[in-house]
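Beneath this line is the structure, given in C-alpha cells, with notes to follow.
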Amino acid sequence: MTDHQSTSNMAPKARRARALETALADKNLIPENYVEKITQIAEHKWDAKNGAMVVAEAWVDSEFRERLRTNATAACAELGFSGPQGEYIVALENTATLHNVIVCTLCSCTAWPVLGLPPDWYKSFEYRARVVRESRTVLREMGLDLPAEIEIRVWDTTAETRYMVLPCRPKGTEGWSKEALADLITQNVLIGVALPEV
Ligand code: FE
C-alpha cells in the first residue's frame, strides 16, 4: 500500500502530521519511540487537574501560596508537576480588583504540566487577536461578565514564560477538602476566561 492510499481516509490535520512524521523519520530526526512517549505523556500527564491541585493547595496553605507567588516553577514541582513547557511557570494572582487572563498571541503556548495542552479556541486567530484589544468583551462573550471596577490584565505567553491564573477562593468554601476545592478549577479558570463556581 502506498503512503497516499494509507492516509487518504485521514482528516487533513492528521494527514499533515503523518507527512511531517514520515519526513522527519526519513531523515532520522525522531529518536526511537519519541512520538509514542510524547503522546502518552500528553494524554496522561499534562492535565489541567494538576493546575487545579496547585490552586487548591495555595488556597489552604498560605506558605505554599507564598512560594507559588515567588517561584511557581518550584512550587508546582513540589506537587510533582514539572517538565517540558513548564520550565518557567509564573502564577498570576487574582485579587478583588484585578483579574488575569492568558493568551499566546504568537501561537498557542500553555504551561503543559499544569494547564495541559491548549483548547482549540485558545489557538484561534480570533481569541489571540481580540482578547488583547477588547478583553472585557471577549470574556463577556465567553460567559465571564466582570464588573467594570475589576481591572483586566492580559498576559502574553512567550517561548520561555508560561502562566497560570490563581483565582480568588470563592466564598462559601470554608472547610472544604483540597479535592473538593480542586474540582472547582477547570482549564478555563486556569487560563482566566472563567471563575470557579460553587
Ligand atoms: Fe505559543
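Following the order of the C-alpha cells, first chain is A, next is B, and so on, with residues numbered from 1 inside each chain and ligands from 1 in the order they appear.
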- Task: Identify, counting only C-alpha atoms and all ligand atoms, the protein, DNA and RNA residues located within 6 Å of ligand 1, and give them as a ChimeraX atom specification.
- Result: /A:104,106-109
Store the residues picked out above in a file with C-alpha atoms, as a compact mmCIF listing (two decimals), in the first residue's frame.
```txt
# COMPACT_ATOMS: atom_id res chain seq x y z
CA CYS A 104 -0.31 33.36 23.38
CA LEU A 106 2.15 34.21 18.55
CA CYS A 107 0.81 30.67 18.64
CA SER A 108 -0.72 28.53 21.36
CA CYS A 109 1.65 28.14 24.32
```
- Spatial neighbours of A:Leu184, 10 Å, only C-alpha atoms, chain gap at least 6 places, as a list of chain:residue names: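 Non-adjacent residues within range: A:Ala52, A:Val55, A:Ala56, A:Arg169, A:Pro170, A:Leu195, A:Pro196, A:Glu197, A:Val198.
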Serialized selection, C-alpha atoms, as a tab-separated table (two decimals), in the first residue's frame:
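So result_28.tsv came out as:
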```
chain	number	residue	atom	x	y	z
A	52	ALA	CA	-6.34	22.62	39.91
A	55	VAL	CA	-4.63	26.24	43.19
A	56	ALA	CA	-6.36	24.17	45.89
A	169	ARG	CA	-11.15	31.35	46.57
A	170	PRO	CA	-14.93	31.53	46.32
A	195	LEU	CA	-14.13	31.86	37.50
A	196	PRO	CA	-14.53	28.96	39.92
A	197	GLU	CA	-18.22	28.48	40.65
A	198	VAL	CA	-19.65	26.94	43.80
```
- Message: As an exercise, work out the distance from atom CA of A:Thr110 to atom CA of A:Ser177 in Å and give it to one decimal place.
- Response: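 So the two atoms, atom CA of A:Thr110 and atom CA of A:Ser177, lie 27.4 Å apart.
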- Which of stretch 13-99 of chain A fall in alpha helix (DSSP H), as a VMD selection string: chain A and resid 13 to 26 34 to 44 48 to 60 62 to 70 72 to 78
- Straight-line distance linking atom CA of A:Trp155 with atom CA of A:His99, stated in Å to one decimal: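 About the pair atom CA of A:Trp155 and atom CA of A:His99: they are 10.8 Å apart.
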- Task: May I have the residues within 8 Å of A:Glu160 as a PyMOL selection string, using only C-alpha atoms and disregarding those fewer than 5 positions away in the same chain?
- Result: chain A and resi 85+87-88
- Item | DSSP strand (DSSP E) residues within chain A, listed as a list in words |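 Here are the strand (DSSP E) residues of chain A: Ile89, Val90, Ala91, Leu92, Glu93, Leu98, His99, Asn100, Val101, Ile102, Val103, Glu151, Ile152, Arg153, Val154, Trp155, Asp156, Arg162, Tyr163, Met164, Val165 and Leu166 of chain A.
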Could you turn the residues from that selection into a file that holds C-alpha atoms, as a PDB file, in the first residue's frame?
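Ended up saving to part-v5.pdb:
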```pdb
ATOM      1  CA  ILE A  89       5.923  28.987  35.306  1.00  0.00           C
ATOM      2  CA  VAL A  90       4.523  32.228  36.696  1.00  0.00           C
ATOM      3  CA  ALA A  91       1.349  32.233  38.816  1.00  0.00           C
ATOM      4  CA  LEU A  92      -0.851  35.294  38.284  1.00  0.00           C
ATOM      5  CA  GLU A  93      -2.796  36.103  41.405  1.00  0.00           C
ATOM      6  CA  LEU A  98      -7.718  42.517  39.434  1.00  0.00           C
ATOM      7  CA  HIS A  99      -8.444  39.688  37.006  1.00  0.00           C
ATOM      8  CA  ASN A 100      -5.705  37.998  34.968  1.00  0.00           C
ATOM      9  CA  VAL A 101      -6.147  36.279  31.624  1.00  0.00           C
ATOM     10  CA  ILE A 102      -3.622  34.395  29.489  1.00  0.00           C
ATOM     11  CA  VAL A 103      -3.083  34.337  25.755  1.00  0.00           C
ATOM     12  CA  GLU A 151      -9.194  45.654  36.113  1.00  0.00           C
ATOM     13  CA  ILE A 152      -8.365  43.025  33.481  1.00  0.00           C
ATOM     14  CA  ARG A 153      -4.712  42.289  32.807  1.00  0.00           C
ATOM     15  CA  VAL A 154      -3.801  40.238  29.725  1.00  0.00           C
ATOM     16  CA  TRP A 155      -0.552  38.245  29.795  1.00  0.00           C
ATOM     17  CA  ASP A 156       1.109  37.229  26.546  1.00  0.00           C
ATOM     18  CA  ARG A 162       4.234  30.083  30.906  1.00  0.00           C
ATOM     19  CA  TYR A 163       1.445  31.396  33.088  1.00  0.00           C
ATOM     20  CA  MET A 164      -1.313  30.023  35.260  1.00  0.00           C
ATOM     21  CA  VAL A 165      -4.039  32.081  36.880  1.00  0.00           C
ATOM     22  CA  LEU A 166      -4.502  31.790  40.628  1.00  0.00           C
TER      23      LEU A 166
END
```
- Item | Pick from A:Pro84, A:Thr186, A:Trp176, A:Val193 nearest to A:Glu141, counting only C-alpha atoms |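 Of A:Pro84, A:Thr186, A:Trp176, A:Val193, the one nearest A:Glu141 is A:Val193, counting only C-alpha atoms.
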- Task: Mind giving me the straight-line distance from atom CA of A:Tyr34 to atom CA of A:Thr73 in Å, one decimal?
- Result: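 According to the coordinates, atom CA of A:Tyr34 and atom CA of A:Thr73 are separated by 24.8 Å.
With only C-alpha atoms as the atoms that count, the minimum distance from A:Asp120 to the choices A:Asn33, A:Ala194, A:Asn188, A:Glu134 is reached by A:Asn188.
Minimum atom-to-atom distance to A:Val189, evaluated using only C-alpha atoms, belongs to A:Gly51 out of A:Gly51, A:Ala96, A:Thr158, A:Asp61.
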- Message: Which residues are near A:Phe64? Cut-off 12 Å, only C-alpha atoms, ignore same chain within fewer than 4 positions. Put them as an MDAnalysis selection string.
- Response: chainID A and resid 53:60 68:72 74:79
Could you save the residues just selected, with N, CA, C and O atoms, as a PDB file, in the first residue's frame?
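Once written, result-v5.pdb looks like this:
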```pdb
ATOM      1  N   MET A  53      -4.981  21.219  41.372  1.00  0.00           N
ATOM      2  CA  MET A  53      -4.413  20.817  42.665  1.00  0.00           C
ATOM      3  C   MET A  53      -3.489  21.908  43.222  1.00  0.00           C
ATOM      4  O   MET A  53      -3.449  22.136  44.429  1.00  0.00           O
ATOM      5  N   VAL A  54      -2.772  22.570  42.312  1.00  0.00           N
ATOM      6  CA  VAL A  54      -1.873  23.654  42.731  1.00  0.00           C
ATOM      7  C   VAL A  54      -2.691  24.795  43.350  1.00  0.00           C
ATOM      8  O   VAL A  54      -2.360  25.314  44.423  1.00  0.00           O
ATOM      9  N   VAL A  55      -3.782  25.157  42.686  1.00  0.00           N
ATOM     10  CA  VAL A  55      -4.632  26.241  43.194  1.00  0.00           C
ATOM     11  C   VAL A  55      -5.231  25.851  44.546  1.00  0.00           C
ATOM     12  O   VAL A  55      -5.210  26.638  45.505  1.00  0.00           O
ATOM     13  N   ALA A  56      -5.743  24.629  44.637  1.00  0.00           N
ATOM     14  CA  ALA A  56      -6.356  24.171  45.893  1.00  0.00           C
ATOM     15  C   ALA A  56      -5.335  24.214  47.029  1.00  0.00           C
ATOM     16  O   ALA A  56      -5.645  24.650  48.145  1.00  0.00           O
ATOM     17  N   GLU A  57      -4.127  23.781  46.733  1.00  0.00           N
ATOM     18  CA  GLU A  57      -3.053  23.798  47.746  1.00  0.00           C
ATOM     19  C   GLU A  57      -2.793  25.244  48.204  1.00  0.00           C
ATOM     20  O   GLU A  57      -2.636  25.513  49.398  1.00  0.00           O
ATOM     21  N   ALA A  58      -2.753  26.151  47.230  1.00  0.00           N
ATOM     22  CA  ALA A  58      -2.499  27.562  47.558  1.00  0.00           C
ATOM     23  C   ALA A  58      -3.640  28.147  48.394  1.00  0.00           C
ATOM     24  O   ALA A  58      -3.414  29.024  49.233  1.00  0.00           O
ATOM     25  N   TRP A  59      -4.844  27.685  48.150  1.00  0.00           N
ATOM     26  CA  TRP A  59      -5.990  28.199  48.913  1.00  0.00           C
ATOM     27  C   TRP A  59      -5.978  27.746  50.372  1.00  0.00           C
ATOM     28  O   TRP A  59      -6.472  28.440  51.241  1.00  0.00           O
ATOM     29  N   VAL A  60      -5.430  26.540  50.624  1.00  0.00           N
ATOM     30  CA  VAL A  60      -5.480  26.022  52.000  1.00  0.00           C
ATOM     31  C   VAL A  60      -4.176  26.234  52.772  1.00  0.00           C
ATOM     32  O   VAL A  60      -4.156  26.111  53.984  1.00  0.00           O
ATOM     33  N   LEU A  68       4.366  29.800  45.768  1.00  0.00           N
ATOM     34  CA  LEU A  68       3.821  29.810  44.404  1.00  0.00           C
ATOM     35  C   LEU A  68       3.954  31.202  43.788  1.00  0.00           C
ATOM     36  O   LEU A  68       4.265  31.352  42.606  1.00  0.00           O
ATOM     37  N   ARG A  69       3.738  32.223  44.617  1.00  0.00           N
ATOM     38  CA  ARG A  69       3.846  33.598  44.107  1.00  0.00           C
ATOM     39  C   ARG A  69       5.279  33.975  43.771  1.00  0.00           C
ATOM     40  O   ARG A  69       5.529  34.717  42.829  1.00  0.00           O
ATOM     41  N   THR A  70       6.216  33.464  44.552  1.00  0.00           N
ATOM     42  CA  THR A  70       7.605  33.882  44.336  1.00  0.00           C
ATOM     43  C   THR A  70       8.329  32.987  43.330  1.00  0.00           C
ATOM     44  O   THR A  70       9.184  33.459  42.593  1.00  0.00           O
ATOM     45  N   ASN A  71       7.983  31.692  43.282  1.00  0.00           N
ATOM     46  CA  ASN A  71       8.634  30.789  42.328  1.00  0.00           C
ATOM     47  C   ASN A  71       7.666  29.653  42.000  1.00  0.00           C
ATOM     48  O   ASN A  71       7.700  28.582  42.616  1.00  0.00           O
ATOM     49  N   ALA A  72       6.813  29.909  41.030  1.00  0.00           N
ATOM     50  CA  ALA A  72       5.758  28.945  40.714  1.00  0.00           C
ATOM     51  C   ALA A  72       6.327  27.649  40.148  1.00  0.00           C
ATOM     52  O   ALA A  72       5.771  26.574  40.363  1.00  0.00           O
ATOM     53  N   ALA A  74       9.062  26.083  41.013  1.00  0.00           N
ATOM     54  CA  ALA A  74       9.472  25.228  42.126  1.00  0.00           C
ATOM     55  C   ALA A  74       8.257  24.745  42.914  1.00  0.00           C
ATOM     56  O   ALA A  74       8.189  23.588  43.332  1.00  0.00           O
ATOM     57  N   ALA A  75       7.276  25.621  43.115  1.00  0.00           N
ATOM     58  CA  ALA A  75       6.089  25.252  43.887  1.00  0.00           C
ATOM     59  C   ALA A  75       5.301  24.147  43.176  1.00  0.00           C
ATOM     60  O   ALA A  75       4.842  23.194  43.799  1.00  0.00           O
ATOM     61  N   CYS A  76       5.158  24.262  41.855  1.00  0.00           N
ATOM     62  CA  CYS A  76       4.447  23.229  41.096  1.00  0.00           C
ATOM     63  C   CYS A  76       5.229  21.913  41.145  1.00  0.00           C
ATOM     64  O   CYS A  76       4.637  20.837  41.276  1.00  0.00           O
ATOM     65  N   ALA A  77       6.556  22.022  41.082  1.00  0.00           N
ATOM     66  CA  ALA A  77       7.393  20.811  41.126  1.00  0.00           C
ATOM     67  C   ALA A  77       7.264  20.100  42.468  1.00  0.00           C
ATOM     68  O   ALA A  77       7.349  18.881  42.542  1.00  0.00           O
ATOM     69  N   GLU A  78       7.025  20.881  43.547  1.00  0.00           N
ATOM     70  CA  GLU A  78       6.802  20.266  44.866  1.00  0.00           C
ATOM     71  C   GLU A  78       5.667  19.260  44.806  1.00  0.00           C
ATOM     72  O   GLU A  78       5.672  18.247  45.484  1.00  0.00           O
ATOM     73  N   LEU A  79       4.665  19.560  43.991  1.00  0.00           N
ATOM     74  CA  LEU A  79       3.495  18.670  43.884  1.00  0.00           C
ATOM     75  C   LEU A  79       3.683  17.651  42.753  1.00  0.00           C
ATOM     76  O   LEU A  79       2.752  16.911  42.427  1.00  0.00           O
TER      77      LEU A  79
END
```
- Query: Smallest atom-to-atom distance to A:Glu126: which of A:Ala159, A:Ala14, A:Leu29, A:Val138, using only C-alpha atoms?
  - Reply: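 Result for the nearest residue to A:Glu126: A:Val138.
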- Task: Tell me which of A:Leu181, A:Ile150, A:Val131, A:Leu117 sits closest to A:Glu43, counting only C-alpha atoms.
- Result: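 Checking each candidate against A:Glu43, we get A:Leu117 as the closest.
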- Message: Neighbouring residues of A:Ala48 were defined as those with any atom within 6 Å, considering only C-alpha atoms; residues of the same chain fewer than 2 positions away were excluded. Please report them as a ChimeraX atom specification.
- Response: /A:50-51,114-116,187
- Message: Let me make sure I understand: among A:Ser62, A:Lys13, A:Arg67, A:Leu190, which one has the smallest atom-to-atom distance to A:Asp47 if we use only C-alpha atoms?
- Response: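 For A:Asp47, the nearest of the candidates is A:Leu190.
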